[in-house]
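> To be precise about what I am sending: the file is called entry_29.csv and holds CSV, C-alpha atoms and all ligand atoms.
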chain,number,residue,atom,x,y,z
A,1,MET,CA,-99.4,-29.3,-76.2
A,2,SER,CA,-97.1,-26.3,-75.9
A,3,PHE,CA,-97.3,-25.8,-72.1
A,4,ASP,CA,-94.5,-27.5,-70.2
A,5,PHE,CA,-96.1,-28.8,-67.0
A,6,LYS,CA,-93.9,-29.1,-63.9
A,7,ASN,CA,-94.7,-31.5,-61.1
A,8,ASP,CA,-95.7,-28.8,-58.8
A,9,PRO,CA,-99.2,-27.4,-59.8
A,10,PHE,CA,-98.5,-24.1,-58.0
A,11,GLU,CA,-95.6,-23.5,-60.3
A,12,ASN,CA,-97.8,-24.2,-63.3
A,13,PHE,CA,-100.5,-21.9,-62.0
A,14,LEU,CA,-98.1,-19.1,-61.4
A,15,GLU,CA,-96.6,-19.3,-64.8
A,16,LEU,CA,-100.0,-19.3,-66.6
A,17,PHE,CA,-101.3,-16.5,-64.3
A,18,LYS,CA,-98.3,-14.4,-65.1
A,19,GLU,CA,-98.8,-15.1,-68.8
A,20,ALA,CA,-102.5,-14.0,-68.6
A,21,GLN,CA,-101.3,-10.8,-66.9
A,22,ILE,CA,-98.6,-10.0,-69.4
A,23,LYS,CA,-101.1,-10.7,-72.3
A,24,GLY,CA,-103.5,-8.2,-70.8
A,25,VAL,CA,-106.4,-10.5,-70.0
A,26,PRO,CA,-109.0,-8.3,-68.4
A,27,GLU,CA,-109.7,-9.1,-64.8
A,28,HIS,CA,-107.3,-12.0,-65.0
A,29,ASN,CA,-107.3,-12.2,-61.2
A,30,ALA,CA,-111.1,-12.6,-60.9
A,31,MET,CA,-112.2,-16.0,-59.8
A,32,ALA,CA,-115.7,-17.5,-59.4
A,33,LEU,CA,-115.8,-18.8,-55.9
A,34,ALA,CA,-118.3,-21.5,-55.0
A,35,THR,CA,-119.4,-22.3,-51.4
A,36,VAL,CA,-122.1,-24.6,-50.1
A,37,ASN,CA,-124.3,-23.9,-47.0
A,38,GLU,CA,-125.7,-26.2,-44.3
A,39,ARG,CA,-128.7,-27.0,-46.5
A,40,HIS,CA,-126.3,-28.1,-49.3
A,41,GLN,CA,-127.3,-25.1,-51.4
A,42,PRO,CA,-124.3,-23.9,-53.5
A,43,SER,CA,-123.8,-20.3,-54.3
A,44,VAL,CA,-121.2,-18.7,-56.5
A,45,ARG,CA,-119.8,-15.2,-56.9
A,46,ILE,CA,-116.7,-13.4,-58.3
A,47,VAL,CA,-113.9,-12.5,-55.9
A,48,LEU,CA,-110.4,-11.2,-56.6
A,49,PHE,CA,-107.5,-13.5,-56.1
A,50,LYS,CA,-104.8,-11.7,-54.2
A,51,GLY,CA,-101.9,-14.0,-54.4
A,52,LEU,CA,-100.6,-17.2,-53.0
A,53,VAL,CA,-100.3,-17.2,-49.2
A,54,ARG,CA,-98.4,-20.1,-47.7
A,55,ARG,CA,-99.4,-22.2,-50.8
A,56,GLY,CA,-103.1,-21.2,-50.6
A,57,PHE,CA,-105.2,-19.0,-52.9
A,58,SER,CA,-106.0,-15.8,-51.0
A,59,PHE,CA,-109.0,-13.5,-51.2
A,60,TYR,CA,-110.5,-10.9,-48.9
A,61,THR,CA,-114.1,-10.4,-47.9
A,62,ASN,CA,-116.6,-9.9,-45.1
A,63,TYR,CA,-116.5,-12.9,-42.7
A,64,ASN,CA,-120.2,-12.4,-41.9
A,65,GLY,CA,-121.6,-12.3,-45.4
A,66,ARG,CA,-123.1,-15.2,-47.2
A,67,LYS,CA,-119.8,-16.8,-48.3
A,68,GLY,CA,-118.3,-16.3,-44.9
A,69,ARG,CA,-121.3,-18.0,-43.2
A,70,ASP,CA,-121.1,-20.8,-45.7
A,71,ILE,CA,-117.4,-21.4,-45.1
A,72,GLU,CA,-118.1,-21.3,-41.3
A,73,VAL,CA,-120.3,-24.4,-41.6
A,74,ASN,CA,-118.6,-26.0,-44.6
A,75,ASN,CA,-115.0,-25.1,-45.5
A,76,ALA,CA,-115.0,-27.1,-48.8
A,77,VAL,CA,-114.9,-24.6,-51.6
A,78,ALA,CA,-114.1,-24.4,-55.3
A,79,ALA,CA,-112.8,-21.6,-57.5
A,80,THR,CA,-112.5,-21.0,-61.3
A,81,PHE,CA,-110.5,-18.6,-63.3
A,82,TYR,CA,-111.6,-18.1,-67.0
A,83,TRP,CA,-109.4,-16.2,-69.4
A,84,PRO,CA,-111.4,-15.9,-72.6
A,85,HIS,CA,-108.6,-14.2,-74.6
A,86,LEU,CA,-106.4,-17.3,-74.0
A,87,ASP,CA,-109.2,-19.9,-74.2
A,88,GLN,CA,-108.1,-21.2,-70.8
A,89,GLN,CA,-109.8,-22.2,-67.6
A,90,ILE,CA,-108.2,-23.1,-64.3
A,91,ARG,CA,-110.3,-24.8,-61.6
A,92,ILE,CA,-109.3,-25.5,-58.1
A,93,GLU,CA,-111.0,-27.4,-55.3
A,94,GLY,CA,-110.0,-27.3,-51.7
A,95,ILE,CA,-110.5,-26.1,-48.1
A,96,ALA,CA,-110.9,-22.5,-47.1
A,97,GLU,CA,-109.1,-21.3,-44.0
A,98,LYS,CA,-109.0,-17.7,-42.5
A,99,LEU,CA,-105.7,-15.8,-42.9
A,100,THR,CA,-104.0,-14.7,-39.7
A,101,ASP,CA,-105.0,-11.3,-38.2
A,102,GLU,CA,-101.6,-9.9,-39.1
A,103,GLU,CA,-102.0,-11.0,-42.8
A,104,SER,CA,-105.5,-9.5,-43.0
A,105,GLU,CA,-104.4,-6.3,-41.3
A,106,LYS,CA,-101.5,-5.8,-43.6
A,107,TYR,CA,-103.7,-6.1,-46.7
A,108,PHE,CA,-106.5,-4.0,-45.2
A,109,ALA,CA,-104.0,-1.2,-44.5
A,110,SER,CA,-103.0,-1.2,-48.2
A,111,ARG,CA,-106.6,-0.7,-49.4
A,112,PRO,CA,-108.0,2.7,-50.6
A,113,ARG,CA,-109.6,4.6,-47.7
A,114,LEU,CA,-113.0,4.5,-49.4
A,115,SER,CA,-112.8,0.6,-49.5
A,116,GLN,CA,-111.8,0.7,-45.8
A,117,ILE,CA,-114.9,2.8,-45.0
A,118,GLY,CA,-117.0,0.4,-47.1
A,119,ALA,CA,-115.8,-2.5,-45.0
A,120,TRP,CA,-117.2,-0.9,-41.8
A,121,THR,CA,-120.4,0.3,-43.6
A,122,SER,CA,-121.5,-2.9,-45.3
A,123,GLU,CA,-123.1,-5.7,-43.5
A,124,GLN,CA,-122.4,-7.8,-46.6
A,125,SER,CA,-125.3,-9.9,-48.0
A,126,ASP,CA,-127.9,-8.5,-45.5
A,127,LYS,CA,-131.1,-6.7,-46.6
A,128,ILE,CA,-130.9,-2.9,-46.6
A,129,GLU,CA,-133.7,-0.5,-46.5
A,130,SER,CA,-132.5,1.5,-49.5
A,131,PHE,CA,-129.3,2.6,-51.2
A,132,GLU,CA,-129.7,6.1,-49.7
A,133,PHE,CA,-129.7,4.5,-46.2
A,134,PHE,CA,-126.5,2.8,-47.0
A,135,GLN,CA,-124.8,6.0,-48.3
A,136,LYS,CA,-125.9,7.8,-45.2
A,137,LYS,CA,-124.3,5.1,-43.1
A,138,ALA,CA,-121.1,5.4,-45.1
A,139,GLN,CA,-121.0,9.2,-44.4
A,140,GLN,CA,-121.4,8.5,-40.6
A,141,VAL,CA,-118.6,6.0,-40.7
A,142,GLU,CA,-116.4,8.5,-42.6
A,143,ALA,CA,-117.2,11.1,-40.0
A,144,LYS,CA,-116.4,8.7,-37.2
A,145,PHE,CA,-112.9,8.0,-38.6
A,146,GLN,CA,-112.1,11.5,-39.8
A,147,GLY,CA,-108.4,12.3,-39.3
A,148,GLN,CA,-107.6,8.8,-38.2
A,149,VAL,CA,-106.3,5.6,-39.8
A,150,VAL,CA,-109.2,3.3,-40.4
A,151,PRO,CA,-108.7,0.1,-38.4
A,152,ARG,CA,-109.6,-3.3,-39.9
A,153,PRO,CA,-113.1,-4.3,-38.8
A,154,PRO,CA,-113.0,-7.7,-36.9
A,155,HIS,CA,-115.5,-9.1,-39.4
A,156,TRP,CA,-113.4,-8.4,-42.4
A,157,GLY,CA,-110.4,-10.3,-43.6
A,158,GLY,CA,-108.8,-12.9,-45.8
A,159,TYR,CA,-109.1,-16.6,-46.5
A,160,ARG,CA,-106.7,-18.9,-48.3
A,161,ILE,CA,-107.9,-21.9,-50.3
A,162,ILE,CA,-105.7,-24.8,-49.7
A,163,PRO,CA,-106.1,-26.8,-52.9
A,164,THR,CA,-106.6,-30.6,-53.1
A,165,GLU,CA,-107.2,-30.4,-56.9
A,166,PHE,CA,-106.1,-28.3,-59.8
A,167,GLU,CA,-107.5,-28.6,-63.3
A,168,PHE,CA,-105.8,-26.8,-66.2
A,169,TRP,CA,-108.1,-26.6,-69.2
A,170,PHE,CA,-107.0,-25.5,-72.7
A,171,ALA,CA,-109.6,-25.2,-75.4
A,172,ARG,CA,-108.8,-27.1,-78.6
A,173,SER,CA,-110.6,-27.3,-81.9
A,174,GLY,CA,-113.5,-29.7,-82.3
A,175,ARG,CA,-114.0,-29.5,-78.5
A,176,MET,CA,-111.0,-31.8,-78.1
A,177,HIS,CA,-110.1,-29.8,-75.1
A,178,GLU,CA,-107.1,-30.7,-73.0
A,179,ARG,CA,-107.7,-31.1,-69.2
A,180,TYR,CA,-104.6,-31.6,-67.0
A,181,VAL,CA,-105.5,-32.6,-63.4
A,182,PHE,CA,-103.3,-32.6,-60.3
A,183,GLN,CA,-104.8,-34.2,-57.2
A,184,GLY,CA,-103.1,-34.3,-53.8
A,185,SER,CA,-101.7,-31.8,-51.3
A,186,ASP,CA,-98.7,-29.8,-50.4
A,187,LEU,CA,-95.8,-31.3,-52.4
A,188,ASN,CA,-97.4,-34.6,-53.2
A,189,TRP,CA,-99.4,-34.6,-56.4
A,190,ASN,CA,-100.9,-37.2,-58.6
A,191,ARG,CA,-101.2,-36.1,-62.2
A,192,PHE,CA,-103.5,-37.4,-64.9
A,193,LEU,CA,-105.6,-36.3,-67.9
A,194,ARG,CA,-109.4,-36.0,-67.9
A,195,SER,CA,-111.6,-36.6,-71.0
A,196,PRO,CA,-113.0,-33.3,-72.4
A,201,LIG,C1,-114.9,-8.3,-60.6
A,201,LIG,C2,-115.4,-8.5,-59.2
A,201,LIG,C3,-114.6,-8.6,-58.2
A,201,LIG,C4,-115.1,-8.8,-56.9
A,201,LIG,N1,-114.2,-8.9,-55.8
A,201,LIG,C5,-114.7,-9.2,-54.6
A,201,LIG,C6,-113.7,-9.5,-53.5
A,201,LIG,O1,-112.5,-9.6,-53.7
A,201,LIG,N2,-114.3,-9.7,-52.3
A,201,LIG,C7,-115.6,-9.7,-52.1
A,201,LIG,O2,-116.0,-9.9,-50.9
A,201,LIG,N3,-116.5,-9.4,-53.0
A,201,LIG,C8,-116.1,-9.2,-54.3
A,201,LIG,N4,-116.9,-8.9,-55.3
A,201,LIG,C9,-118.4,-8.9,-55.0
A,201,LIG,C10,-118.9,-10.4,-54.9
A,201,LIG,O3,-119.1,-10.9,-56.2
A,201,LIG,C11,-120.2,-10.5,-54.1
A,201,LIG,O4,-121.2,-9.7,-54.6
A,201,LIG,C12,-120.0,-10.2,-52.6
A,201,LIG,O5,-118.8,-10.7,-52.1
A,201,LIG,C13,-121.1,-10.7,-51.8
A,201,LIG,O6,-121.2,-12.1,-51.9
A,201,LIG,P1,-121.9,-13.1,-50.9
A,201,LIG,O7,-123.2,-12.4,-50.5
A,201,LIG,O8,-122.2,-14.3,-51.6
A,201,LIG,O9,-121.0,-13.3,-49.7
A,201,LIG,C14,-116.5,-8.8,-56.6
A,201,LIG,C15,-117.4,-8.7,-57.7
A,201,LIG,C16,-116.8,-8.6,-59.0
A,201,LIG,C17,-117.8,-8.5,-60.2
Could you express the structure from this file as structure tokens?

Amino acid sequence: MSFDFKNDPFENFLELFKEAQIKGVPEHNAMALATVNERHQPSVRIVLFKGLVRRGFSFYTNYNGRKGRDIEVNNAVAATFYWPHLDQQIRIEGIAEKLTDEESEKYFASRPRLSQIGAWTSEQSDKIESFEFFQKKAQQVEAKFQGQVVPRPPHWGGYRIIPTEFEFWFARSGRMHERYVFQGSDLNWNRFLRSP
């Protein structure tokens, strides 16, 4: 195995993530995020990983959408990165926690204006009458904020996933894949291999 694992899984993640970026893996920051609702129904969707915040994997979304509602009743989540060009997969499991208002505001302010308008327009995951209806609503929101800085909607912000497990998966021939697991928290991690 060519990768030199350190004891801190965050360091390993950051090194592999940077390598994926340098090697031009498309959407290398996209992760599949799984949540589970109060009826134990899982759901999964792609979100963009926006960096480690206080040793947690951050992403931004609408707090009132499906994933936000799931996390409200069950903060246990899982996320997976898959980089096909490198034949690598990184899985994490952990607990989701909202970022602070200051952290969410800082990120919201950096977003393109159209995305900021979208955050006010979309009642994410709810039924809509038609796409035209949604576009009209976006125009109304745009008119409302014309000439002003768009403030962060209170229902929009970030989470960080505080990991309790990392699994680094490297494809090998004959399906003899290598799976390196780190279980624990903070600076205290137990390291072992898992059968492919
Ligand atoms: C490449 C890609 C990146 C996405 N990034 C985000 C994101 O960062 N945040 C987000 O809320 N939705 C993102 N989405 C949309 C989600 O996959 C999903 O449709 C949306 O969040 C609603 O999910 P929910 O109804 O389960 O809450 C992205 C979709 C794709 C394909």
> Neighbours of region 68-83 of chain A within 6 Å (only C-alpha atoms; same-chain residues fewer than 6 positions away dropped), as a CSV table (one decimal) with C-alpha atoms, keeping the file's coordinate frame?

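And here's result21.csv as it stands now:
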chain,number,residue,atom,x,y,z
A,31,MET,CA,-112.2,-16.0,-59.8
A,32,ALA,CA,-115.7,-17.5,-59.4
A,33,LEU,CA,-115.8,-18.8,-55.9
A,34,ALA,CA,-118.3,-21.5,-55.0
A,35,THR,CA,-119.4,-22.3,-51.4
A,36,VAL,CA,-122.1,-24.6,-50.1
A,37,ASN,CA,-124.3,-23.9,-47.0
A,89,GLN,CA,-109.8,-22.2,-67.6
A,90,ILE,CA,-108.2,-23.1,-64.3
A,91,ARG,CA,-110.3,-24.8,-61.6
A,92,ILE,CA,-109.3,-25.5,-58.1
A,93,GLU,CA,-111.0,-27.4,-55.3
A,94,GLY,CA,-110.0,-27.3,-51.7
A,95,ILE,CA,-110.5,-26.1,-48.1
A,96,ALA,CA,-110.9,-22.5,-47.1
> When you look at Gly56 (chain A) with a cut-off of 9 Å (counting all atoms listed in the file), what residues show up, excluding the ones that are within fewer than 3 positions of it in the same chain? I need them as a ChimeraX atom specification.
/A:51-53,96-97,159-163
> Which distance in Å separates CA of Ser43 (chain A) and atom C16 of ligand LIG 201 (chain A), to one decimal?
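Calculated distance between CA of Ser43 (chain A) and atom C16 of ligand LIG 201 (chain A) is 14.4 Å.
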> Give as a count of residues only the set of residues within 12 Å of the point (-109.0, -3.2, -34.1), where distances use the file's coordinates and all atoms listed in the file.
16
> Could you please extract the residues within 6 Å of ligand LIG 201 (chain A), counting all atoms listed in the file, and hand them back as a ChimeraX atom specification?
/A:30,45-48,59-62,65-67,125
> Hey, which of A:Glu178, A:Glu15, A:Glu27, A:Asp186 ends up closest to His85 (chain A)? Count all atoms listed in the file.
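Comparing A:Glu178, A:Glu15, A:Glu27, A:Asp186 against His85 (chain A), the winner is A:Glu27.
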> Can you measure CA of Gly118 (chain A) to CA of Asn64 (chain A) for me? One decimal in Å is fine.
14.2 Å
> A:Lys136, A:Arg111, A:Tyr180, A:Ser173: which is nearest Asn12 (chain A), counting all atoms listed in the file?
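The shortest atom-to-atom distance to Asn12 (chain A) comes from A:Tyr180.
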> Using all atoms listed in the file, pick whichever of A:Ser185, A:Lys18, A:Ser130, A:Pro196 has the shortest atom-to-atom distance to Ala171 (chain A).
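When distances to Ala171 (chain A) are compared using all atoms listed in the file, the smallest one comes from A:Pro196.
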> So how far away is CA of Trp189 (chain A) from CA of Asp8 (chain A), in Å?
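CA of Trp189 (chain A) lies 7.3 Å from CA of Asp8 (chain A).
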> Could you check which of A:Thr121, A:Gln21, A:Gln116, A:Asn190 is closest to Gln148 (chain A), using all atoms listed in the file?
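Of the candidates, the smallest distance to Gln148 (chain A) is held by A:Gln116.
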> Which is closer to Phe13 (chain A) than all the others in A:Val181, A:Lys98, A:Val141, A:Arg194, using all atoms listed in the file?
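For Phe13 (chain A), the nearest of the candidates is A:Val181.
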> Which one of A:Thr100, A:Phe131, A:Phe168, A:Gly158 sits closest to Leu14 (chain A) if you count only C-alpha atoms?
A:Phe168
